[in-house]
Every structure is written in C-alpha cells, then in structure tokens.
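Enquirer: target11.cif is reproduced below (mmCIF, C-alpha atoms (C1' of nucleotides)).
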data_protein
#
loop_
_atom_site.group_PDB
_atom_site.id
_atom_site.type_symbol
_atom_site.label_atom_id
_atom_site.label_comp_id
_atom_site.auth_asym_id
_atom_site.auth_seq_id
_atom_site.Cartn_x
_atom_site.Cartn_y
_atom_site.Cartn_z
ATOM 1 C CA MET A 393 92.939 83.134 93.513
ATOM 2 C CA ARG A 394 93.484 83.495 89.807
ATOM 3 C CA ASP A 395 90.627 81.686 88.072
ATOM 4 C CA GLU A 396 92.217 79.137 85.762
ATOM 5 C CA ARG A 397 89.051 78.649 83.732
ATOM 6 C CA PHE A 398 89.016 82.345 82.988
ATOM 7 C CA CYS A 399 92.683 82.450 82.080
ATOM 8 C CA ALA A 400 92.209 79.447 79.785
ATOM 9 C CA SER A 401 89.305 81.057 77.931
ATOM 10 C CA ASN A 402 89.661 81.784 74.236
ATOM 11 C CA CYS A 403 88.090 85.197 74.843
ATOM 12 C CA PRO A 404 90.803 87.785 75.501
ATOM 13 C CA PHE A 405 88.467 89.898 77.593
ATOM 14 C CA THR A 406 87.658 86.949 79.833
ATOM 15 C CA ARG A 407 91.367 86.235 80.213
ATOM 16 C CA ALA A 408 91.987 89.856 81.185
ATOM 17 C CA ILE A 409 89.305 89.663 83.862
ATOM 18 C CA GLY A 410 90.802 86.400 85.039
ATOM 19 C CA THR A 411 94.075 88.218 85.530
ATOM 20 C CA ILE A 412 93.126 91.533 87.130
ATOM 21 C CA GLY A 413 89.472 90.974 88.008
ATOM 22 C CA ASN A 414 89.689 90.637 91.754
ATOM 23 C CA LYS A 415 89.603 93.073 94.593
ATOM 24 C CA TRP A 416 93.241 93.283 95.634
ATOM 25 C CA LYS A 417 95.128 93.688 92.387
ATOM 26 C CA PRO A 418 93.657 97.009 91.282
ATOM 27 C CA ILE A 419 94.290 98.317 94.790
ATOM 28 C CA ILE A 420 97.907 97.171 94.774
ATOM 29 C CA ILE A 421 98.566 98.583 91.319
ATOM 30 C CA ASN A 422 97.021 101.865 92.358
ATOM 31 C CA VAL A 423 99.175 102.077 95.467
ATOM 32 C CA ILE A 424 102.401 101.350 93.636
ATOM 33 C CA SER A 425 101.480 103.647 90.760
ATOM 34 C CA THR A 426 104.610 105.337 89.437
ATOM 35 C CA ARG A 427 106.657 104.819 92.574
ATOM 36 C CA THR A 428 109.012 102.119 93.746
ATOM 37 C CA VAL A 429 107.548 100.596 96.864
ATOM 38 C CA ARG A 430 108.888 98.135 99.391
ATOM 39 C CA PHE A 431 107.003 95.132 100.661
ATOM 40 C CA GLY A 432 106.671 96.546 104.148
ATOM 41 C CA GLN A 433 105.259 99.778 102.791
ATOM 42 C CA LEU A 434 102.576 97.962 100.842
ATOM 43 C CA ASP A 435 101.790 95.915 103.916
ATOM 44 C CA SER A 436 101.254 99.010 106.022
ATOM 45 C CA ILE A 437 99.600 101.197 103.390
ATOM 46 C CA ILE A 438 96.994 98.676 102.284
ATOM 47 C CA PRO A 439 94.522 98.119 105.071
ATOM 48 C CA LEU A 440 93.037 94.721 105.824
ATOM 49 C CA ILE A 441 95.323 92.643 103.599
ATOM 50 C CA SER A 442 97.405 89.924 105.229
ATOM 51 C CA ARG A 443 101.078 89.412 104.440
ATOM 52 C CA LYS A 444 100.336 86.021 103.004
ATOM 53 C CA VAL A 445 97.732 87.268 100.525
ATOM 54 C CA LEU A 446 99.867 90.280 99.676
ATOM 55 C CA THR A 447 102.748 87.963 98.831
ATOM 56 C CA GLU A 448 100.503 85.817 96.643
ATOM 57 C CA GLN A 449 99.022 88.753 94.773
ATOM 58 C CA LEU A 450 102.440 90.296 94.151
ATOM 59 C CA LYS A 451 103.730 86.990 92.847
ATOM 60 C CA GLU A 452 100.835 86.658 90.429
ATOM 61 C CA LEU A 453 101.194 90.237 89.272
ATOM 62 C CA GLU A 454 104.851 89.577 88.584
ATOM 63 C CA GLU A 455 104.045 86.347 86.715
ATOM 64 C CA ASP A 456 101.537 88.222 84.583
ATOM 65 C CA GLY A 457 104.144 90.837 83.754
ATOM 66 C CA LEU A 458 102.443 93.733 85.510
ATOM 67 C CA LEU A 459 105.240 94.498 87.910
ATOM 68 C CA GLU A 460 108.903 93.965 88.526
ATOM 69 C CA ARG A 461 110.420 92.658 91.696
ATOM 70 C CA LEU A 462 113.833 93.908 92.733
ATOM 71 C CA ALA A 463 115.429 91.930 95.544
ATOM 72 C CA TYR A 464 118.626 93.283 97.056
ATOM 73 C CA LYS A 465 120.878 90.809 98.721
ATOM 74 C CA GLU A 466 121.205 92.667 101.960
ATOM 75 C CA LEU A 467 120.463 91.922 105.542
ATOM 76 C CA PRO A 468 117.838 92.642 106.594
ATOM 77 C CA PRO A 469 116.461 91.980 103.122
ATOM 78 C CA ARG A 470 115.104 94.706 100.915
ATOM 79 C CA VAL A 471 112.612 94.063 98.148
ATOM 80 C CA GLU A 472 111.173 96.739 95.939
ATOM 81 C CA TYR A 473 108.241 96.572 93.592
ATOM 82 C CA LYS A 474 107.563 98.798 90.617
ATOM 83 C CA LEU A 475 105.164 98.604 87.716
ATOM 84 C CA SER A 476 106.339 97.335 84.361
ATOM 85 C CA GLU A 477 105.367 98.982 81.090
ATOM 86 C CA LYS A 478 102.280 96.788 81.052
ATOM 87 C CA GLY A 479 101.418 97.773 84.608
ATOM 88 C CA LEU A 480 101.947 101.455 83.911
ATOM 89 C CA ALA A 481 99.669 101.165 80.888
ATOM 90 C CA PHE A 482 96.965 99.935 83.230
ATOM 91 C CA LEU A 483 97.021 103.094 85.373
ATOM 92 C CA PRO A 484 94.861 105.183 83.002
ATOM 93 C CA ILE A 485 92.183 102.517 83.283
ATOM 94 C CA LEU A 486 92.204 102.882 87.045
ATOM 95 C CA GLU A 487 91.910 106.635 86.614
ATOM 96 C CA SER A 488 88.871 106.109 84.408
ATOM 97 C CA ILE A 489 87.314 103.963 87.103
ATOM 98 C CA LYS A 490 87.878 106.706 89.675
ATOM 99 C CA GLU A 491 86.269 109.316 87.447
ATOM 100 C CA TRP A 492 83.407 106.997 86.604
ATOM 101 C CA ASN A 493 82.768 106.263 90.260
ATOM 102 C CA CYS A 494 82.891 109.901 91.353
ATOM 103 C CA LYS A 495 80.480 110.876 88.621
ATOM 104 C CA TYR A 496 77.895 108.159 89.166
ATOM 105 C CA GLU A 497 78.174 106.976 92.755
ATOM 106 C CA VAL A 498 75.030 108.140 94.438
ATOM 107 C CA ALA A 499 75.268 109.390 97.995
ATOM 108 C CA LEU A 500 73.758 106.635 100.073
ATOM 109 C CA THR A 501 70.221 107.743 100.726
ATOM 110 C CA PRO A 502 69.207 107.027 104.303
ATOM 111 C CA LYS A 503 66.710 104.210 104.556
ATOM 112 C CA ALA A 504 63.031 105.107 104.794
ATOM 113 C CA HIS A 505 63.011 104.025 108.411
ATOM 114 C CA ASP A 506 65.774 106.423 109.328
ATOM 115 C CA ARG A 507 64.303 109.290 107.367
ATOM 116 C CA VAL A 508 61.017 109.027 109.215
ATOM 117 C CA THR A 509 62.849 108.961 112.508
ATOM 118 C CA TYR A 510 64.739 112.152 111.747
ATOM 119 C CA ALA A 511 61.693 113.854 110.243
ATOM 120 C CA GLN A 512 59.896 113.511 113.523
ATOM 121 C CA MET B 971 80.091 88.642 97.365
ATOM 122 C CA ARG B 972 80.271 92.386 97.584
ATOM 123 C CA ASP B 973 82.992 93.225 100.097
ATOM 124 C CA GLU B 974 81.350 95.365 102.741
ATOM 125 C CA ARG B 975 84.643 96.632 104.110
ATOM 126 C CA PHE B 976 85.527 97.930 100.660
ATOM 127 C CA CYS B 977 82.137 99.532 100.127
ATOM 128 C CA ALA B 978 82.391 101.238 103.532
ATOM 129 C CA SER B 979 85.820 102.720 102.774
ATOM 130 C CA ASN B 980 86.234 106.456 102.670
ATOM 131 C CA CYS B 981 88.328 106.057 99.519
ATOM 132 C CA PRO B 982 86.098 106.321 96.441
ATOM 133 C CA PHE B 983 88.418 104.139 94.401
ATOM 134 C CA THR B 984 88.252 101.388 96.994
ATOM 135 C CA ARG B 985 84.474 101.630 96.999
ATOM 136 C CA ALA B 986 84.429 101.339 93.225
ATOM 137 C CA ILE B 987 86.537 98.198 93.370
ATOM 138 C CA GLY B 988 84.249 96.857 96.076
ATOM 139 C CA THR B 989 81.370 97.287 93.686
ATOM 140 C CA ILE B 990 82.653 96.042 90.332
ATOM 141 C CA GLY B 991 85.948 94.392 91.324
ATOM 142 C CA ASN B 992 85.044 90.763 90.960
ATOM 143 C CA LYS B 993 85.153 88.341 88.115
ATOM 144 C CA TRP B 994 81.499 88.072 87.122
ATOM 145 C CA LYS B 995 80.299 91.645 86.981
ATOM 146 C CA PRO B 996 82.556 92.916 84.201
ATOM 147 C CA ILE B 997 81.629 89.821 82.207
ATOM 148 C CA ILE B 998 77.898 90.391 82.714
ATOM 149 C CA ILE B 999 78.116 94.076 81.844
ATOM 150 C CA ASN B 1000 80.110 93.242 78.746
ATOM 151 C CA VAL B 1001 77.541 90.675 77.621
ATOM 152 C CA ILE B 1002 74.587 92.983 78.108
ATOM 153 C CA SER B 1003 76.420 95.916 76.550
ATOM 154 C CA THR B 1004 73.957 98.081 74.618
ATOM 155 C CA ARG B 1005 71.342 95.370 74.215
ATOM 156 C CA THR B 1006 68.347 94.303 76.220
ATOM 157 C CA VAL B 1007 68.940 90.763 77.381
ATOM 158 C CA ARG B 1008 66.733 88.221 79.087
ATOM 159 C CA PHE B 1009 67.752 86.175 82.092
ATOM 160 C CA GLY B 1010 67.778 82.928 80.156
ATOM 161 C CA GLN B 1011 70.013 84.436 77.500
ATOM 162 C CA LEU B 1012 72.568 85.549 80.070
ATOM 163 C CA ASP B 1013 72.406 82.103 81.628
ATOM 164 C CA SER B 1014 73.188 80.404 78.346
ATOM 165 C CA ILE B 1015 75.659 82.954 76.984
ATOM 166 C CA ILE B 1016 77.854 83.162 80.068
ATOM 167 C CA PRO B 1017 79.718 79.934 80.529
ATOM 168 C CA LEU B 1018 80.304 78.364 83.923
ATOM 169 C CA ILE B 1019 78.074 80.666 85.954
ATOM 170 C CA SER B 1020 75.254 79.126 87.970
ATOM 171 C CA ARG B 1021 71.736 80.531 87.982
ATOM 172 C CA LYS B 1022 72.004 81.290 91.661
ATOM 173 C CA VAL B 1023 75.162 83.350 91.306
ATOM 174 C CA LEU B 1024 73.848 85.029 88.182
ATOM 175 C CA THR B 1025 70.737 86.094 90.097
ATOM 176 C CA GLU B 1026 72.834 87.452 92.945
ATOM 177 C CA GLN B 1027 75.159 89.401 90.682
ATOM 178 C CA LEU B 1028 72.265 90.891 88.708
ATOM 179 C CA LYS B 1029 70.563 91.944 91.928
ATOM 180 C CA GLU B 1030 73.708 93.669 93.182
ATOM 181 C CA LEU B 1031 74.270 95.380 89.852
ATOM 182 C CA GLU B 1032 70.710 96.659 90.007
ATOM 183 C CA GLU B 1033 71.156 97.853 93.594
ATOM 184 C CA ASP B 1034 74.295 99.699 92.579
ATOM 185 C CA GLY B 1035 72.444 101.383 89.751
ATOM 186 C CA LEU B 1036 74.371 99.779 86.924
ATOM 187 C CA LEU B 1037 71.443 98.100 85.286
ATOM 188 C CA GLU B 1038 67.672 98.158 85.070
ATOM 189 C CA ARG B 1039 65.437 95.179 85.510
ATOM 190 C CA LEU B 1040 62.211 95.029 83.523
ATOM 191 C CA ALA B 1041 59.807 92.330 84.658
ATOM 192 C CA TYR B 1042 56.744 91.700 82.522
ATOM 193 C CA LYS B 1043 53.778 90.162 84.246
ATOM 194 C CA GLU B 1044 53.315 87.344 81.797
ATOM 195 C CA LEU B 1045 53.267 83.620 81.974
ATOM 196 C CA PRO B 1046 55.759 82.202 81.502
ATOM 197 C CA PRO B 1047 57.551 85.186 83.047
ATOM 198 C CA ARG B 1048 59.778 87.462 81.036
ATOM 199 C CA VAL B 1049 62.505 89.562 82.604
ATOM 200 C CA GLU B 1050 64.799 91.822 80.668
ATOM 201 C CA TYR B 1051 67.995 93.492 81.752
ATOM 202 C CA LYS B 1052 69.581 96.568 80.238
ATOM 203 C CA LEU B 1053 72.344 98.875 81.350
ATOM 204 C CA SER B 1054 71.508 102.187 82.983
ATOM 205 C CA GLU B 1055 73.318 105.401 82.134
ATOM 206 C CA LYS B 1056 75.879 104.515 84.784
ATOM 207 C CA GLY B 1057 76.300 101.044 83.344
ATOM 208 C CA LEU B 1058 76.655 102.348 79.807
ATOM 209 C CA ALA B 1059 79.294 104.785 81.032
ATOM 210 C CA PHE B 1060 81.271 101.807 82.247
ATOM 211 C CA LEU B 1061 81.493 100.203 78.805
ATOM 212 C CA PRO B 1062 84.382 102.395 77.562
ATOM 213 C CA ILE B 1063 86.397 101.188 80.552
ATOM 214 C CA LEU B 1064 85.822 97.595 79.519
ATOM 215 C CA GLU B 1065 86.905 98.506 76.003
ATOM 216 C CA SER B 1066 90.111 99.972 77.420
ATOM 217 C CA ILE B 1067 90.748 96.739 79.263
ATOM 218 C CA LYS B 1068 90.307 94.754 76.053
ATOM 219 C CA GLU B 1069 92.739 96.981 74.192
ATOM 220 C CA TRP B 1070 95.202 96.893 77.066
ATOM 221 C CA ASN B 1071 95.056 93.103 77.209
ATOM 222 C CA CYS B 1072 95.450 92.615 73.473
ATOM 223 C CA LYS B 1073 98.432 94.937 73.433
ATOM 224 C CA TYR B 1074 100.320 93.493 76.379
ATOM 225 C CA GLU B 1075 99.192 89.909 76.826
ATOM 226 C CA VAL B 1076 102.170 87.835 75.873
ATOM 227 C CA ALA B 1077 101.566 84.709 73.872
ATOM 228 C CA LEU B 1078 102.270 81.907 76.277
ATOM 229 C CA THR B 1079 105.776 80.845 75.460
ATOM 230 C CA PRO B 1080 106.091 77.064 75.508
ATOM 231 C CA LYS B 1081 108.122 75.850 78.407
ATOM 232 C CA ALA B 1082 111.772 75.056 77.832
ATOM 233 C CA HIS B 1083 111.054 71.368 78.198
ATOM 234 C CA ASP B 1084 108.519 71.431 75.383
ATOM 235 C CA ARG B 1085 110.701 73.558 73.150
ATOM 236 C CA VAL B 1086 113.563 71.110 73.396
ATOM 237 C CA THR B 1087 111.233 68.234 72.644
ATOM 238 C CA TYR B 1088 109.992 69.848 69.467
ATOM 239 C CA ALA B 1089 113.455 71.015 68.455
ATOM 240 C CA GLN B 1090 114.607 67.443 68.364
ATOM 241 C "C1'" DT C 648 122.995 88.080 125.367
ATOM 242 C "C1'" DT C 649 118.966 89.489 123.559
ATOM 243 C "C1'" DA C 650 116.017 92.200 120.780
ATOM 244 C "C1'" DT C 651 115.064 94.195 116.309
ATOM 245 C "C1'" DC C 652 114.457 94.626 111.498
ATOM 246 C "C1'" DT C 653 112.818 92.715 106.893
ATOM 247 C "C1'" DG C 654 110.434 89.858 103.626
ATOM 248 C "C1'" DG C 655 108.816 86.298 103.437
ATOM 249 C "C1'" DT C 656 107.080 80.828 104.202
ATOM 250 C "C1'" DT C 657 104.482 77.263 106.391
ATOM 251 C "C1'" DA C 658 100.910 74.761 108.929
ATOM 252 C "C1'" DC C 659 96.609 74.998 110.810
ATOM 253 C "C1'" DT C 660 91.935 76.468 110.704
ATOM 254 C "C1'" DG C 661 87.298 78.468 109.800
ATOM 255 C "C1'" DC C 662 83.962 80.694 107.256
ATOM 256 C "C1'" DG C 663 81.538 81.687 103.418
ATOM 257 C "C1'" DA C 664 81.289 81.847 98.348
ATOM 258 C "C1'" DG C 665 79.337 79.274 95.233
ATOM 259 C "C1'" DG C 666 77.785 74.777 93.164
ATOM 260 C "C1'" DT C 667 73.895 71.262 92.827
ATOM 261 C "C1'" DA C 668 69.374 69.727 92.785
ATOM 262 C "C1'" DA C 669 64.723 70.180 93.851
ATOM 263 C "C1'" DC C 670 60.891 72.976 93.714
ATOM 264 C "C1'" DC C 671 57.506 76.864 92.474
ATOM 265 C "C1'" DA C 672 53.588 79.256 89.466
ATOM 266 C "C1'" DC C 673 50.661 78.871 85.574
ATOM 267 C "C1'" DA C 674 49.524 78.967 80.696
ATOM 268 C "C1'" DA C 675 49.805 76.724 76.438
ATOM 269 C "C1'" DA C 676 50.922 72.968 73.784
ATOM 270 C "C1'" DT C 677 50.828 67.848 73.005
ATOM 271 C "C1'" DA D 30 47.295 64.072 81.896
ATOM 272 C "C1'" DT D 31 51.753 65.496 81.181
ATOM 273 C "C1'" DT D 32 55.364 68.176 79.344
ATOM 274 C "C1'" DT D 33 57.515 72.576 78.360
ATOM 275 C "C1'" DG D 34 59.026 77.185 79.022
ATOM 276 C "C1'" DT D 35 60.656 80.981 82.252
ATOM 277 C "C1'" DG D 36 62.867 83.178 86.096
ATOM 278 C "C1'" DG D 37 63.730 82.514 89.874
ATOM 279 C "C1'" DT D 38 64.199 80.612 95.335
ATOM 280 C "C1'" DT D 39 65.650 77.455 98.770
ATOM 281 C "C1'" DA D 40 68.205 73.985 101.408
ATOM 282 C "C1'" DC D 41 72.211 71.614 101.606
ATOM 283 C "C1'" DC D 42 77.023 70.727 101.197
ATOM 284 C "C1'" DT D 43 81.799 71.197 99.740
ATOM 285 C "C1'" DC D 44 85.938 73.304 98.523
ATOM 286 C "C1'" DG D 45 89.264 76.633 98.917
ATOM 287 C "C1'" DC D 46 90.231 81.556 99.971
ATOM 288 C "C1'" DA D 47 92.172 83.852 103.323
ATOM 289 C "C1'" DG D 48 93.243 84.812 108.283
ATOM 290 C "C1'" DT D 49 96.405 83.801 112.303
ATOM 291 C "C1'" DA D 50 100.494 82.624 114.456
ATOM 292 C "C1'" DA D 51 104.902 80.736 114.508
ATOM 293 C "C1'" DC D 52 109.206 80.513 112.422
ATOM 294 C "C1'" DC D 53 113.433 81.689 109.482
ATOM 295 C "C1'" DA D 54 118.167 84.175 108.313
ATOM 296 C "C1'" DG D 55 121.747 87.005 109.917
ATOM 297 C "C1'" DA D 56 123.595 91.593 110.664
ATOM 298 C "C1'" DT D 57 123.327 95.401 113.784
ATOM 299 C "C1'" DA D 58 122.156 97.759 117.953
ATOM 300 C "C1'" DA D 59 121.450 97.986 122.982
#
Could you rewrite the structure in this file as structure tokens?
Expert:
Amino acid sequence: MRDERFCASNCPFTRAIGTIGNKWKPIIINVISTRTVRFGQLDSIIPLISRKVLTEQLKELEEDGLLERLAYKELPPRVEYKLSEKGLAFLPILESIKEWNCKYEVALTPKAHDRVTYAQ
Amino acid sequence: MRDERFCASNCPFTRAIGTIGNKWKPIIINVISTRTVRFGQLDSIIPLISRKVLTEQLKELEEDGLLERLAYKELPPRVEYKLSEKGLAFLPILESIKEWNCKYEVALTPKAHDRVTYAQ
DNA sequence: TTATCTGGTTACTGCGAGGTAACCACAAAT
DNA sequence: ATTTGTGGTTACCTCGCAGTAACCAGATAA
C-alpha cells in the first residue's frame, strides 16, 4: 500500500510520493480538511472505499504524522480524526491541484464516431 | 492503472487524483521537468520502473494532455518527451510537495531498542 | 430477549497491476 | 555475418491490493 522502496529512497521527493502518492490519501485529507471527522462519517462520505482500506489508510496517515486519532473510551466507541500541523500544511497543495485541474482539464470531446452520428 | 471510477466522478478534484494520483506519474513529470527527454533516458534515470509500465504511464500522460510525444522517423528510432503547458503548470505543485516534505518529514528516530543498545 | 450502534479486525478470495523475457524493424558499425 | 542501438509490443505469470462477509465488545433502547 505504501511503497517501501519509495519510502527508503534517498530522494526526498520520491519519499514524499511514496507517502502520499496514491489515490485514497489525498481524498481522505481533503475530506477531513479543517474539521474533526468520525470514522463512520469518512466511511459514508467517501464513496467506493471499503472499511478495511479506510482503516489502513488512516493508520498510515497517522504513522506518517499527517493526522491525529482521538479515541474516546465510550460505548459504542467514538473515534475522531483531525489533521495535524503537517496535514494542514498539505491542504494548500490540494487546493493548487484543484485550481490546476479546473484550468487545464479539457471537456471530454465526443469521439469522432459519436460526432458523426449526431451530425447526421 | 488509471482509475476509471475516479475519472468518471463529477468531482473535479477526484478526477484530478484519478489522473495524476499514482506513484509513477509525479516522478516522471519531475524527471522530465523543463527538458526534452528521450525514452531511453527516462528508462535509465527512473529506478525500478519497467519499460512496459513506463510506456503505459507515458501514453496516459500524453492522453491527458500533460506531455507531448515527438517521434522522429529515423533508424534507430528516436522519441522525445516534453511537458505541455498543462504539464509545466503542474511543476510548481511538485515543488510545493518537495518543500512540504523537507519541512515536515521527521528524521526517522531510532527505535527504543536501538537507542538503548547504543547508549550502553 | 433481541436488535442497534460504533469502529474496527480477521479470514477468505479474486482480479488485475505490473514484472520478466522474448521479439520486432532496420541501419550502421565491426 | 553478427552485433549494437532504440523504442517499443506481446505473452505469460505471479504477487498482493483490495473487496466481501462475518465477527467482536458492551451499553442502551425497544
């Protein structure tokens, strides 16, 4: 899940990609953002992710110091996640990605086949 | 390789992550940077990637408009890759990631076991 | 008594990402 | 005649990511 060869690289950029360079972590960080979010909320907000993978990703993010896990000893249990200073410092990067995408993402041009069909 | 469910999302951020949110693409973009690089150079510069995967990633990056492929009809063949405007616009984001990592990546603290060993 | 709620964990399983190795064209060099 | 250089493509196979389903505690509600 986390690529050990990347994390063991002597290139800091490669290590960074080894840490946050997968599809779920930027999504999770973006969802948490500046809030405090419970596990169940993340599970329902993020489409398509399974509880198992969500648990794994959260654990890795915590290990890498991007977020903090607050477990309350209640029943039923309550666990809250919030970004650490490091995680919060990553948010502007996600904003840049959003801006970059909105500026450069081309509207999907219909395929030639479809265009001909409609033109007739 | 590219997650179709991400790319089909109606959330632009999710689509962006579906496009560049994997481990190889940021590395490739960072290596090409402002240069014009040949296939063989990428193959030798980037450690651990196979030619097959490199080809696939380059093709996807081209399809997504991040880079341009220049094939010269020579023998032996020569193919050069360079970033498009969209790809170049992504470089500052990679720089931000480098800065973010250097600022917040904690030096791996030796485990308690090792520390005790050395202390003795 | 039984269901519900929460945040997981575990075992089982399948699919596909990705690695390896062989192969291609064709010119120039040896 | 054979090797080398270049940028791939293809078939084959394996490993592991990730999905599913079952299970857990234990208090509260119905």
Enquirer: Between A:Val429, A:Ala463, A:Val471, A:Leu440, which one has atoms that come closest to chain B, using all atoms listed in the file?
Expert: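 Looking at the shortest contact to chain B, the residue is A:Leu440.
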Enquirer: Taking (78.1, 101.8, 101.1) in the coordinates of the supplied file, I want to know which residues reach to within 10 Å of it, counting all atoms listed in the file; could you give the answer as a PDB file with C-alpha atoms, in the frame of the given file?
Expert:
ATOM      1  CA  GLU A 497      78.174 106.976  92.755  1.00  0.00           C
ATOM      2  CA  VAL A 498      75.030 108.140  94.438  1.00  0.00           C
ATOM      3  CA  ALA A 499      75.268 109.390  97.995  1.00  0.00           C
ATOM      4  CA  LEU A 500      73.758 106.635 100.073  1.00  0.00           C
ATOM      5  CA  THR A 501      70.221 107.743 100.726  1.00  0.00           C
TER       6      THR A 501
ATOM      7  CA  ASP B 973      82.992  93.225 100.097  1.00  0.00           C
ATOM      8  CA  GLU B 974      81.350  95.365 102.741  1.00  0.00           C
ATOM      9  CA  ARG B 975      84.643  96.632 104.110  1.00  0.00           C
ATOM     10  CA  PHE B 976      85.527  97.930 100.660  1.00  0.00           C
ATOM     11  CA  CYS B 977      82.137  99.532 100.127  1.00  0.00           C
ATOM     12  CA  ALA B 978      82.391 101.238 103.532  1.00  0.00           C
ATOM     13  CA  SER B 979      85.820 102.720 102.774  1.00  0.00           C
ATOM     14  CA  ASN B 980      86.234 106.456 102.670  1.00  0.00           C
ATOM     15  CA  ARG B 985      84.474 101.630  96.999  1.00  0.00           C
ATOM     16  CA  GLY B 988      84.249  96.857  96.076  1.00  0.00           C
ATOM     17  CA  THR B 989      81.370  97.287  93.686  1.00  0.00           C
ATOM     18  CA  ASP B1034      74.295  99.699  92.579  1.00  0.00           C
TER      19      ASP B1034
END
Enquirer: Counting only C-alpha atoms (C1' of nucleotides), which residues from chain A have an atom at most 9 Å from any atom of chain D, and could you show them as a PyMOL selection string?
Expert: chain A and resi 393+442+444-445+467-468
Enquirer: For the provided coordinates, the residues matched by the PyMOL selection byres ((chain A) within 8 of (chain B)) should be stated as a PDB file with C-alpha atoms, in the frame of the given file.
Expert:
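In the end it all went to result.pdb:
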ATOM      1  CA  PRO A 404      90.803  87.785  75.501  1.00  0.00           C
ATOM      2  CA  PHE A 405      88.467  89.898  77.593  1.00  0.00           C
ATOM      3  CA  THR A 406      87.658  86.949  79.833  1.00  0.00           C
ATOM      4  CA  ALA A 408      91.987  89.856  81.185  1.00  0.00           C
ATOM      5  CA  ILE A 409      89.305  89.663  83.862  1.00  0.00           C
ATOM      6  CA  GLY A 410      90.802  86.400  85.039  1.00  0.00           C
ATOM      7  CA  GLY A 413      89.472  90.974  88.008  1.00  0.00           C
ATOM      8  CA  ASN A 414      89.689  90.637  91.754  1.00  0.00           C
ATOM      9  CA  LYS A 415      89.603  93.073  94.593  1.00  0.00           C
ATOM     10  CA  PRO A 418      93.657  97.009  91.282  1.00  0.00           C
ATOM     11  CA  ILE A 419      94.290  98.317  94.790  1.00  0.00           C
ATOM     12  CA  LYS A 478     102.280  96.788  81.052  1.00  0.00           C
ATOM     13  CA  ALA A 481      99.669 101.165  80.888  1.00  0.00           C
ATOM     14  CA  PHE A 482      96.965  99.935  83.230  1.00  0.00           C
ATOM     15  CA  ILE A 485      92.183 102.517  83.283  1.00  0.00           C
ATOM     16  CA  SER A 488      88.871 106.109  84.408  1.00  0.00           C
ATOM     17  CA  ILE A 489      87.314 103.963  87.103  1.00  0.00           C
ATOM     18  CA  LYS A 490      87.878 106.706  89.675  1.00  0.00           C
ATOM     19  CA  TRP A 492      83.407 106.997  86.604  1.00  0.00           C
ATOM     20  CA  ASN A 493      82.768 106.263  90.260  1.00  0.00           C
ATOM     21  CA  CYS A 494      82.891 109.901  91.353  1.00  0.00           C
ATOM     22  CA  TYR A 496      77.895 108.159  89.166  1.00  0.00           C
TER      23      TYR A 496
END
Enquirer: Applied to this file, what does the PyMOL selection byres ((chain A) within 7 of (chain C)) return in terms of residues, put as an NGL selection string?
Expert: :A and (431 or 468-470)
Enquirer: Can you tell me how far atom CA of Glu448 of chain A sits from atom CA of Leu1031 of chain B, in Å to one decimal?
Expert: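 Between these atoms lies a distance of 28.7 Å.
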Enquirer: Please compute the atom CA of Arg443 of chain A-atom CA of Leu480 of chain A distance, one decimal, in Å.
Expert: 23.8 Å
Enquirer: Which neighbours of Ser425 of chain A fall inside 8 Å, counting all atoms listed in the file, when residues of the same chain fewer than 6 positions from it are skipped, and could you give them as a list in words?
Expert: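 Final neighbour list, sorted by chain and number: Lys474, Leu475, Leu480 and Leu483 of chain A.
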Enquirer: Between atom CA of Ile1016 of chain B and atom CA of Tyr1042 of chain B, measure the distance and give it in Å to one decimal.
Expert: 22.9 Å
Enquirer: At a cut-off of 7 Å, using all atoms listed in the file, what residues contact Arg430 of chain A? Leave out same-chain residues fewer than 3 positions from it and give the result as JSON, numbers by chain.
Expert: {"A": [433, 434, 471, 472, 473]}
Enquirer: So that all listed atoms of segment 43-56 of chain D fit with 4 Å spare on each side, what axis-aligned box centre and edge lengths in Å, to one decimal, would you give as lines of an AutoDock Vina configuration file?
Expert:
center_x = 102.7
center_y = 81.4
center_z = 106.5
size_x = 49.8
size_y = 28.4
size_z = 24.0
